[in-house]
Amino acid sequence: MMTDKEWTPKIVAFCCNWCSYGGADTAGMGRFQQPASTRVIRVMCSGRIDPLHVFNAFLEGADAVLVTGCHIGDCHYVNGNEKTEVRYQFLEEMLQQLGLEPDRLHLNWISASEGERFANFIKDVTAKVKELGPSPLKPAGVK
Amino acid sequence: MTQKETITENKQEDELRIGAFICECGINIAGTVDCHAVADYISTMPHVTTAVVNKYTCSDAGQAEIKKAIKDMNLNRVLVASCTPKTHEPIFRACVEEAGLNPYLFEFVNIREHCSWIHMWEKEDATNKAKELVRMGVARAALLEPLESSEVPVTDAALVIGAGVTGMQAAMDIADMGHKVYLVEQGPSIGGKMAQLDKTFPTNDCSICILGPKMVEVARNKNIEIMSYSEIVDVDGYVGNFKVNVKHKPRYLDIDECTGCGLCTEKCPVEVPYTEFNEGIGTRKAIYTPFPQAVPLRALVDKSICIDCGACIKACERGAIDMDQKETFSELDVGVIVVTAGFDVYNPEPNNEFGFGLYDNVITTMEFERLINASGPTMGKVVRPSDVKPPKRIGFVQCVGSRDKNSNIYCSSFCCMASLKNAQLLKEKYPETEVYIMYMDMRTPFRMYEEFYNRARDMGVRFIRGRPAEVTENDDHNIIARIEDTLTNEIVNLELDLMVLSVGAVAPESTETVRQILKVSKAADGFMMEAHPKLKPVDTTLDGIFIGGMTQGPKDIPYSISQGSACAARATRFLAQGKALTEGITAKVDDDICVGCGVCVPMCPFQALSVEDNKLNIITALCKGCGTCMAACPTGALQQSHFKNEQLLAQVKNVFAYGEV
Amino acid sequence: MANVGDMVVGYATDENVRSRGASGGLVTAVLAAALEKGLVENVVVMKHINEFEAVPIITDNVEEVLASTGSLHSVPVNLAKYAVGRKVAMPAKPCDVQAVIEQGKREMIDLDNTYIVGLNCGGSMHPITTKKMLVEMYDIDPEDVIGEEIEKGKLIFKTKNGEEKAIAIDELEEAGFGRRESCRFCTLKIPVNADLACGNWGVIGDMAGNATFCQVMNEKGAKLLENAIEAGRIEVQPASDKAIAIRDKVNSVMEDLGSYLEKEIFPEIPDEERMQYYMDQMENCIDCGACKEVCPVCACGEDSKCTMFHSLVDNYKMSMYHLVRFMHLSDSCIACGQCSDVCPSDIPITLLQSRFSIPSQRRRNYQPGMNLDTPPFFEVMLK
Ligand SMILES: Cc1cc2nc3c(=O)[nH]c(=O)nc-3n(C[C@H](O)[C@H](O)[C@H](O)COP(=O)(O)OP(=O)(O)OC[C@H]3O[C@@H](n4cnc5c(N)ncnc54)[C@H](O)[C@@H]3O)c2cc1C
Ligand SMILES: Cc1cc2nc3c(=O)[nH]c(=O)nc-3n(C[C@H](O)[C@H](O)[C@H](O)COP(=O)(O)OP(=O)(O)OC[C@H]3O[C@@H](n4cnc5c(N)ncnc54)[C@H](O)[C@@H]3O)c2cc1C
Ligand code: SF4
Ligand code: SF4
Ligand code: FES
């Protein structure tokens, strides 16, 4: 039972196969400890991440969603992440207008070698979201 | 073993039967995650036929267990929860395929890098997270569909980018195995940095004497086409079928007519006080050959200083010179690419480290290599820049631009040995010279290297453990280095006639361009990144693209050559087989839903999409499966196999659950 | 010769058309000429059902075109579907034009084959609201109405027995009648995105009331106008500077009014209340899909991302369907208001959508439906 434990947010992180997923792997290889808040979903390129997926994550109960990929210029499919960036701007504006706290949605470029950066990112976001508390979109009863 | 059902006789084809294999990875996973609890939890999920814990799922025994379970229990989906798909997915895909299952019906869940290793002190949280990760995987596995990856023919030719010693080795090995090689070098000659060195450790044989014949051999090899003074502009395609656009910079002469006789250079009236090859020491003409042993031994014109006097045109007996020459381009078709684009030495000038750039008598090791080289600008006579006199006291400063928080934290690995070499050469040539090496640690691994260090000591080279805290210059232009010798705790004020900075290696601008064209990952140190630091040291994450030598990080010549050969072997596998498998993970469109709006078309970076008669047309061979187009499709008609919206959303949904895990 | 940029005042040479026309019958005459001379194969016109309602029809009969004179202040319509695979000419209000162009961007129609005669629009009214207004504000039986007109900020109705009654639009709107909500905050009054921009603003002097002001917006517009002149269907003269100035003046007054009303219609909702606001607004959605069906800028068929992953079983705090639509339309919504019009649960869906799309579009200095220069979706735009 986890009832007496501090609440841990649930964070859904979309990672591209070539960079940020690798970054998460490198964090593991380097044993960079992180809060157990995040669930990584792998896609081939950040360009695959559809606003649809992000909405669904929030509606299902995510306390934060992370959109991640390769650094600009490093996308393995020329410029998928540049398209991600454009979509993300719209998404960010929309969720902000919807009244969702800005700290619940993040875009970050993390290379496969940046394990520590990945870990720090997770730590930062988790801490921020902990302060905000559960997402207002989280359905009742969902953990 | 938790096995929910026994095998039913009348198995249905469509009925989902998922087998989950949870790996303990010794204690790597089991030390943190309660794998049995994960298996128990998951065995209660719908469609899960069996959930098993293995000590090492990837071992022979583990794989045998998977295969047996597929056969015995008619599993039609297999999930492994262990390490990262980036290294192990191919292994398990092959394993299930051997047991008769389509490899795309395999699902990988990472509970090591993404769980046990990052929550080492929170066992309960880690176990719960592992359960959820596997739950997400099971949900996705249930929706996986079989896919076919198609075979593509491989163009029987290789591209090697960069003709230093690594690239030359790679090119020769591939060529000797019977394949065509295009060896593209940005400079006017092949040879790379090694051609500039004087002697090479640990045997101190003359660098160009051992490299020169190799260069000639490369040039003579029928299978190798050298493209010197050329650069890669664009690369398109995929393993087996790369299309490469190469730019040939104008030399302002016909390379087939020029014989490198040097008559033109003699007549050229413009002489400027620098040469690339001699690291800025000495002079060269506006028309010149790079160095006497250059391959190809051909002249070129430096247009930035040429005064168009026409002297060379008159001098050239073969009429080779063409001052109106323009850059040209070639399109190459190759099956594999090897990048061996080398390194630059660290430049201490911007921060005037150790007085470099302020005082004439502070130079780098690379400059020193040219100074002491018999075919260098001083004919091998070591003189100091301020007064061209032989220095009597010379000091080497180690780790300049290496092992330093302010520049690069990595060790450049060759510089200790290079300074030991140069110190020995000085002692051999000028036994009366005082030679100092100022160091933090002397690093001399590998055969004969420690012996090499001992030899330097025996020859009287003086070692000071410490590096100058302050460097000044006196009226005689002598360098005063103030050092704390950390072995004796004494402050020394060392007066030197010449101080040599043992500069490390950095990833150059020119290779960064190539890296971005090819989309090879960059490691934290700026060099190109290999697919795996141990298991795949010369592969990249991109099929058919390999890296070797200094491109992959600092190393010495023997190590570089080994990697050149390794690249050749890895790359030639594709050429020898003549075929490669393409990704089954491509774009597919549902014609009933597609309205032909064309929104997806400009999304594709590979021009795989077009709209014809109000329907989308996909050229699957061009699709690399990035998924960018489907995120744009408003109708959802366009889907990426293996990463379908349903599959991804199943994962999303299973992050969450009602009640306790 | 008609040239791009020309501004003329003109009228139909056919007296009957001229007198029945909303202003000078020029629009009807231009459409008829386009059909007659084979510039197009079909023409879309509004077929009256009664004084308040009309349906678009597509015809290749010149007589039917000539009979369609007069403006109806009824709701906007999705005209693009009539142009699919055809060579057509059509009259269209500015928002209709925007929708047609958006469909062109999505390759649903070929804009090169679609001739658009734009009509200035100060706003349209919903037929049901109008009937109610006649009874409550004008004390007129809707059955008796034979004509309507907007003049000097007043809405005028004419009845069978020759009476006229005028009430200020402000007054009507204050009472909850008058123009549709989306027309009130609309600032695109002259269809500069059409091929020709026609209206009665700027028709002055003895021409007032029986001529049409017409601006040639592009080559297709020039062709349309020239064709009608050659056919002898219209007569035109250059608009005077004064006429042009008056048209501009009225337009800018209307634009300012639209901007002013926008602030009123979209009061700021504090950050922490917005989520609840949207949840409350969408609470009564019955998932009928009418808003998607009617949307004139969306090109999707029955199945699309917004419906495909929307399941009532999910019991989410907000509608997946609407979130996906809000996103999907955030760069292309023209706020025509048709989704609000059709919503059986009276959800002000246009207002909700506009809260997302207006700021997103403004931030990018982008207005949908103006030309083909900018590709359709946010995915493709910018950079
Ligand atoms: C001062 C000094 C002394 C050294 N002494 C020794 C020694 O004694 N013994 C020893 O073992 N090692 C020594 N080394 C290390 C040795 O120089 C390297 O190990 C070796 O040169 C690496 O070879 P490479 O082919 O990988 O790279 P490089 O020699 O750098 O060759 C790379 C080639 O690629 C070309 N290139 C770069 N970018 C492009 C591009 N975009 N397109 C086309 N071509 C491109 C370059 O022009 C170059 O020709 C020394 C190094 C230094 C700096
Ligand atoms: C709702 C509405 C508001 C308007 N507001 C203004 C205004 O504020 N200022 C101004 O200068 N002009 C306005 N106009 C335009 C003006 O009323 C005339 O349509 C224009 O001057 C052309 O006159 P005409 O005699 O040449 O047109 P006509 O020859 O009478 O032809 C009119 C054409 O418009 C079509 N039509 C009628 N109603 C609609 C409708 N609702 N949607 C699409 N097509 C329709 C008819 O089918 C016909 O083809 C408005 C028009 C409409 C429909
Ligand atoms: S997934 Fe789509 S965008 Fe990516 S390569 Fe294939 S067709 Fe092009
Ligand atoms: S975006 Fe979707 S609907 Fe439009 S053409 Fe492409 S696949 Fe078809
Ligand atoms: S592959 Fe990482 S963002 Fe495209």
# chains A, B, ... in the order shown; residues from 1 in each chain; ligands from 1
>>> closest_atom_pairs(of="chain A", to="ligand 3", cutoff="9 Å", atoms="only C-alpha atoms and all ligand atoms", output="tab-separated table")
residue	atom	partner	partner_atom_place_in_ligand_line	distance
A:Cys45	CA	ligand 3	4 (Fe)	8.7
A:Gly47	CA	ligand 3	4 (Fe)	8.4
A:Arg48	CA	ligand 3	1 (S)	8.1
A:Tyr77	CA	ligand 3	4 (Fe)	7.3
A:Gly80	CA	ligand 3	3 (S)	8.2
>>> residues_near_ligand(ligand="ligand 4", cutoff="8 Å", atoms="only C-alpha atoms and all ligand atoms", output="short mmCIF file (atom, residue, chain, number, x, y, z; two decimals) with C-alpha atoms, in the first residue's frame")
data_model
loop_
_atom_site.label_atom_id
_atom_site.label_comp_id
_atom_site.auth_asym_id
_atom_site.auth_seq_id
_atom_site.Cartn_x
_atom_site.Cartn_y
_atom_site.Cartn_z
CA VAL B 589 -2.91 4.84 -45.73
CA ASP B 590 -6.51 3.76 -45.39
CA ASP B 591 -8.02 4.72 -48.72
CA ILE B 593 -10.72 7.41 -44.91
CA CYS B 594 -8.21 9.49 -46.85
CA VAL B 595 -9.84 12.47 -48.50
CA GLY B 596 -6.78 13.43 -50.49
CA CYS B 597 -6.32 16.77 -48.77
CA GLY B 598 -2.56 16.53 -49.21
CA VAL B 599 -1.71 17.96 -45.81
CA CYS B 600 0.70 15.12 -45.26
CA VAL B 601 2.58 15.59 -48.53
CA VAL B 611 -1.77 12.91 -53.94
CA ASN B 614 -7.80 12.54 -54.54
CA LYS B 615 -5.99 9.67 -52.89
CA LEU B 616 -2.66 9.45 -51.23
CA CYS B 629 3.18 12.73 -41.77
CA MET B 630 0.61 10.89 -39.65
CA ALA B 632 -0.36 15.94 -39.51
CA CYS B 633 -3.10 13.88 -41.15
CA PRO B 634 -6.39 15.27 -39.83
CA THR B 635 -8.44 12.26 -40.84
CA GLY B 636 -6.28 9.61 -39.24
CA ALA B 637 -6.20 7.78 -42.57
CA LEU B 638 -2.44 7.75 -42.49
CA ARG C 106 -7.05 21.14 -49.04
CA CYS C 300 -12.34 15.40 -43.41
#
>>> residues_around(residues="A:Lys130", least_positions_apart="5", cutoff="12 Å", atoms="only C-alpha atoms", output="VMD selection string")
chain A and resid 6 to 11 35 37 63 to 64 103 to 104 122 to 125 135
>>> write_last_selection(atoms="N, CA and C atoms", output="JSON list (two decimals), in the first residue's frame")
[["chain", "number", "residue", "atom", "x", "y", "z"],
["A", 6, "GLU", "N", 4.14, 9.92, 0.21],
["A", 6, "GLU", "CA", 3.94, 11.19, -0.47],
["A", 6, "GLU", "C", 3.40, 10.94, -1.87],
["A", 7, "TRP", "N", 2.55, 11.83, -2.35],
["A", 7, "TRP", "CA", 1.99, 11.66, -3.69],
["A", 7, "TRP", "C", 3.04, 11.86, -4.76],
["A", 8, "THR", "N", 3.12, 10.94, -5.70],
["A", 8, "THR", "CA", 4.04, 11.10, -6.83],
["A", 8, "THR", "C", 3.22, 11.35, -8.08],
["A", 9, "PRO", "N", 3.55, 12.38, -8.80],
["A", 9, "PRO", "CA", 2.80, 12.63, -10.04],
["A", 9, "PRO", "C", 3.05, 11.54, -11.06],
["A", 10, "LYS", "N", 2.12, 11.42, -11.99],
["A", 10, "LYS", "CA", 2.31, 10.51, -13.13],
["A", 10, "LYS", "C", 2.62, 11.36, -14.35],
["A", 11, "ILE", "N", 3.75, 11.09, -14.94],
["A", 11, "ILE", "CA", 4.18, 11.90, -16.08],
["A", 11, "ILE", "C", 4.37, 10.98, -17.30],
["A", 35, "PRO", "N", 13.03, 10.37, -9.66],
["A", 35, "PRO", "CA", 11.78, 9.94, -9.06],
["A", 35, "PRO", "C", 11.04, 8.98, -10.00],
["A", 37, "SER", "N", 8.35, 8.74, -11.40],
["A", 37, "SER", "CA", 7.12, 9.42, -11.82],
["A", 37, "SER", "C", 6.81, 9.20, -13.29],
["A", 63, "ASP", "N", -0.32, 13.92, -15.04],
["A", 63, "ASP", "CA", -0.14, 15.19, -14.34],
["A", 63, "ASP", "C", 0.78, 16.10, -15.13],
["A", 64, "ALA", "N", 1.53, 15.51, -16.04],
["A", 64, "ALA", "CA", 2.35, 16.31, -16.95],
["A", 64, "ALA", "C", 2.66, 15.44, -18.16],
["A", 103, "ASP", "N", 3.36, 24.44, -16.41],
["A", 103, "ASP", "CA", 4.37, 23.47, -16.00],
["A", 103, "ASP", "C", 3.98, 22.03, -16.26],
["A", 104, "ARG", "N", 2.77, 21.83, -16.76],
["A", 104, "ARG", "CA", 2.36, 20.45, -17.03],
["A", 104, "ARG", "C", 2.71, 19.97, -18.43],
["A", 122, "ILE", "N", 13.68, 15.17, -15.53],
["A", 122, "ILE", "CA", 12.61, 14.45, -14.83],
["A", 122, "ILE", "C", 12.49, 14.94, -13.38],
["A", 123, "LYS", "N", 13.63, 15.15, -12.77],
["A", 123, "LYS", "CA", 13.61, 15.63, -11.38],
["A", 123, "LYS", "C", 12.92, 16.98, -11.30],
["A", 124, "ASP", "N", 13.31, 17.88, -12.19],
["A", 124, "ASP", "CA", 12.75, 19.24, -12.20],
["A", 124, "ASP", "C", 11.24, 19.22, -12.38],
["A", 125, "VAL", "N", 10.82, 18.53, -13.45],
["A", 125, "VAL", "CA", 9.39, 18.54, -13.77],
["A", 125, "VAL", "C", 8.61, 17.89, -12.62],
["A", 135, "SER", "N", -3.45, 16.85, -11.72],
["A", 135, "SER", "CA", -3.98, 17.64, -12.82],
["A", 135, "SER", "C", -5.50, 17.79, -12.70]]
>>> select_by_dssp(residues="chain A", states="helix (DSSP H, G or I)", output="ChimeraX atom specification")
/A:20-29,46-48,51-60,80-98,102-104,115-132
>>> residues_around(residues="C:Gly337", least_positions_apart="3", cutoff="6 Å", atoms="only C-alpha atoms", output="number ranges by chain")
C: 182, 340, 350
>>> closest_atom_pairs(of="chain A", to="chain C", cutoff="12 Å", atoms="only C-alpha atoms", output="JSON lines")
{"residue": "A:Gly47", "atom": "CA", "partner": "C:Glu379", "partner_atom": "CA", "distance": 10.0}
{"residue": "A:Arg48", "atom": "CA", "partner": "C:Glu379", "partner_atom": "CA", "distance": 11.7}
{"residue": "A:Ile49", "atom": "CA", "partner": "C:Glu379", "partner_atom": "CA", "distance": 11.7}
{"residue": "A:Asp50", "atom": "CA", "partner": "C:Val324", "partner_atom": "CA", "distance": 10.1}
{"residue": "A:Pro51", "atom": "CA", "partner": "C:Val324", "partner_atom": "CA", "distance": 7.6}
{"residue": "A:Leu52", "atom": "CA", "partner": "C:Val324", "partner_atom": "CA", "distance": 6.3}
{"residue": "A:His53", "atom": "CA", "partner": "C:Val324", "partner_atom": "CA", "distance": 9.8}
{"residue": "A:Val54", "atom": "CA", "partner": "C:Val324", "partner_atom": "CA", "distance": 10.1}
{"residue": "A:Phe55", "atom": "CA", "partner": "C:Met320", "partner_atom": "CA", "distance": 7.2}
{"residue": "A:Asn56", "atom": "CA", "partner": "C:Met320", "partner_atom": "CA", "distance": 7.1}
{"residue": "A:Ala57", "atom": "CA", "partner": "C:Met320", "partner_atom": "CA", "distance": 10.6}
{"residue": "A:Phe58", "atom": "CA", "partner": "C:Tyr316", "partner_atom": "CA", "distance": 9.5}
{"residue": "A:Leu59", "atom": "CA", "partner": "C:Tyr316", "partner_atom": "CA", "distance": 5.8}
{"residue": "A:Glu60", "atom": "CA", "partner": "C:Tyr316", "partner_atom": "CA", "distance": 7.1}
{"residue": "A:Gly61", "atom": "CA", "partner": "C:Tyr316", "partner_atom": "CA", "distance": 9.0}
{"residue": "A:Asn79", "atom": "CA", "partner": "C:Lys383", "partner_atom": "CA", "distance": 11.2}
{"residue": "A:Gly80", "atom": "CA", "partner": "C:Glu379", "partner_atom": "CA", "distance": 10.9}
{"residue": "A:Asn81", "atom": "CA", "partner": "C:Glu379", "partner_atom": "CA", "distance": 11.5}
{"residue": "A:Glu82", "atom": "CA", "partner": "C:Lys383", "partner_atom": "CA", "distance": 8.3}
{"residue": "A:Lys83", "atom": "CA", "partner": "C:Glu379", "partner_atom": "CA", "distance": 6.5}
{"residue": "A:Thr84", "atom": "CA", "partner": "C:Glu379", "partner_atom": "CA", "distance": 8.2}
{"residue": "A:Glu85", "atom": "CA", "partner": "C:Glu379", "partner_atom": "CA", "distance": 9.4}
{"residue": "A:Val86", "atom": "CA", "partner": "C:Glu379", "partner_atom": "CA", "distance": 6.5}
{"residue": "A:Arg87", "atom": "CA", "partner": "C:Glu379", "partner_atom": "CA", "distance": 5.8}
{"residue": "A:Tyr88", "atom": "CA", "partner": "C:Glu379", "partner_atom": "CA", "distance": 9.5}
{"residue": "A:Gln89", "atom": "CA", "partner": "C:Ser360", "partner_atom": "CA", "distance": 9.2}
{"residue": "A:Phe90", "atom": "CA", "partner": "C:Ser360", "partner_atom": "CA", "distance": 7.1}
{"residue": "A:Leu91", "atom": "CA", "partner": "C:Met327", "partner_atom": "CA", "distance": 7.2}
{"residue": "A:Glu92", "atom": "CA", "partner": "C:Ser360", "partner_atom": "CA", "distance": 10.4}
{"residue": "A:Glu93", "atom": "CA", "partner": "C:Ser360", "partner_atom": "CA", "distance": 7.2}
{"residue": "A:Met94", "atom": "CA", "partner": "C:Phe356", "partner_atom": "CA", "distance": 6.0}
{"residue": "A:Leu95", "atom": "CA", "partner": "C:Phe356", "partner_atom": "CA", "distance": 9.2}
{"residue": "A:Gln96", "atom": "CA", "partner": "C:Asp271", "partner_atom": "CA", "distance": 8.3}
{"residue": "A:Gln97", "atom": "CA", "partner": "C:Phe356", "partner_atom": "CA", "distance": 6.6}
{"residue": "A:Leu98", "atom": "CA", "partner": "C:Met275", "partner_atom": "CA", "distance": 5.4}
{"residue": "A:Gly99", "atom": "CA", "partner": "C:Met275", "partner_atom": "CA", "distance": 4.7}
{"residue": "A:Leu100", "atom": "CA", "partner": "C:Met275", "partner_atom": "CA", "distance": 7.0}
{"residue": "A:Glu101", "atom": "CA", "partner": "C:Asp271", "partner_atom": "CA", "distance": 8.5}
{"residue": "A:Pro102", "atom": "CA", "partner": "C:Asp271", "partner_atom": "CA", "distance": 10.7}
{"residue": "A:Ser135", "atom": "CA", "partner": "C:Lys317", "partner_atom": "CA", "distance": 11.0}
{"residue": "A:Pro136", "atom": "CA", "partner": "C:Met275", "partner_atom": "CA", "distance": 8.0}
{"residue": "A:Leu137", "atom": "CA", "partner": "C:Lys317", "partner_atom": "CA", "distance": 5.9}
{"residue": "A:Lys138", "atom": "CA", "partner": "C:Lys317", "partner_atom": "CA", "distance": 7.3}
{"residue": "A:Pro139", "atom": "CA", "partner": "C:Lys317", "partner_atom": "CA", "distance": 6.2}
{"residue": "A:Ala140", "atom": "CA", "partner": "C:Lys317", "partner_atom": "CA", "distance": 8.9}
{"residue": "A:Gly141", "atom": "CA", "partner": "C:Asn315", "partner_atom": "CA", "distance": 11.7}
{"residue": "A:Val142", "atom": "CA", "partner": "C:Tyr316", "partner_atom": "CA", "distance": 11.0}
>>> closest_atom_pairs(of="chain B", to="chain A", cutoff="6 Å", atoms="only C-alpha atoms", output="JSON lines")
{"residue": "B:Glu113", "atom": "CA", "partner": "A:Gly28", "partner_atom": "CA", "distance": 4.0}
{"residue": "B:Trp117", "atom": "CA", "partner": "A:Gly28", "partner_atom": "CA", "distance": 5.2}
{"residue": "B:Ile118", "atom": "CA", "partner": "A:Gln33", "partner_atom": "CA", "distance": 4.3}
{"residue": "B:His119", "atom": "CA", "partner": "A:Gln33", "partner_atom": "CA", "distance": 5.7}
{"residue": "B:Lys519", "atom": "CA", "partner": "A:His76", "partner_atom": "CA", "distance": 5.3}
{"residue": "B:Ala523", "atom": "CA", "partner": "A:Ser113", "partner_atom": "CA", "distance": 5.5}
{"residue": "B:Ala524", "atom": "CA", "partner": "A:Ser113", "partner_atom": "CA", "distance": 5.8}
{"residue": "B:Cys626", "atom": "CA", "partner": "A:Cys45", "partner_atom": "CA", "distance": 5.3}
{"residue": "B:Gly627", "atom": "CA", "partner": "A:Arg48", "partner_atom": "CA", "distance": 4.4}
{"residue": "B:Thr628", "atom": "CA", "partner": "A:Gly47", "partner_atom": "CA", "distance": 4.3}
{"residue": "B:Ala631", "atom": "CA", "partner": "A:Asp50", "partner_atom": "CA", "distance": 4.7}
{"residue": "B:Val652", "atom": "CA", "partner": "A:Ala57", "partner_atom": "CA", "distance": 5.8}
{"residue": "B:Ala657", "atom": "CA", "partner": "A:Val142", "partner_atom": "CA", "distance": 5.9}
{"residue": "B:Tyr658", "atom": "CA", "partner": "A:Val142", "partner_atom": "CA", "distance": 5.0}
>>> residues_around(residues="C:Glu151", least_positions_apart="2", cutoff="10 Å", atoms="only C-alpha atoms", output="PyMOL selection string")
chain C and resi 148-149+153-156+166+168-169+201
>>> closest_residue(among="C:Asp110, C:Asp248, C:Glu264, C:Glu293", to="ligand 2", atoms="only C-alpha atoms and all ligand atoms")
C:Asp248
>>> decode(residues="stretch 75-80 of chain A", atoms="all heavy atoms", output="compact mmCIF listing (two decimals), in the first residue's frame")
# COMPACT_ATOMS: atom_id res chain seq x y z
N CYS A 75 17.86 15.66 -35.83
CA CYS A 75 16.78 14.70 -36.07
C CYS A 75 17.21 13.71 -37.13
O CYS A 75 17.81 14.09 -38.13
CB CYS A 75 15.50 15.43 -36.50
SG CYS A 75 14.22 14.31 -37.06
N HIS A 76 16.91 12.45 -36.90
CA HIS A 76 17.35 11.42 -37.84
C HIS A 76 16.52 11.38 -39.10
O HIS A 76 16.78 10.60 -40.00
CB HIS A 76 17.36 10.06 -37.15
CG HIS A 76 18.49 9.99 -36.18
ND1 HIS A 76 19.44 9.02 -36.22
CD2 HIS A 76 18.84 10.80 -35.18
CE1 HIS A 76 20.33 9.24 -35.27
NE2 HIS A 76 19.97 10.32 -34.62
N TYR A 77 15.50 12.19 -39.12
CA TYR A 77 14.67 12.26 -40.32
C TYR A 77 14.66 13.71 -40.80
O TYR A 77 13.61 14.31 -40.99
CB TYR A 77 13.27 11.75 -40.02
CG TYR A 77 13.27 10.37 -39.39
CD1 TYR A 77 13.22 10.21 -38.02
CD2 TYR A 77 13.38 9.23 -40.18
CE1 TYR A 77 13.24 8.96 -37.44
CE2 TYR A 77 13.41 7.97 -39.62
CZ TYR A 77 13.34 7.84 -38.24
OH TYR A 77 13.36 6.59 -37.67
N VAL A 78 15.85 14.25 -40.92
CA VAL A 78 16.09 15.60 -41.43
C VAL A 78 15.59 16.68 -40.46
O VAL A 78 16.40 17.38 -39.86
CB VAL A 78 15.50 15.81 -42.83
CG1 VAL A 78 15.92 17.18 -43.37
CG2 VAL A 78 15.96 14.71 -43.78
N ASN A 79 14.26 16.83 -40.37
CA ASN A 79 13.76 17.97 -39.59
C ASN A 79 12.43 17.67 -38.91
O ASN A 79 11.63 18.57 -38.72
CB ASN A 79 13.63 19.20 -40.49
CG ASN A 79 12.77 18.89 -41.71
OD1 ASN A 79 12.15 17.84 -41.80
ND2 ASN A 79 12.71 19.82 -42.64
N GLY A 80 12.23 16.42 -38.55
CA GLY A 80 10.99 16.07 -37.86
C GLY A 80 10.77 16.92 -36.62
O GLY A 80 9.66 17.35 -36.33
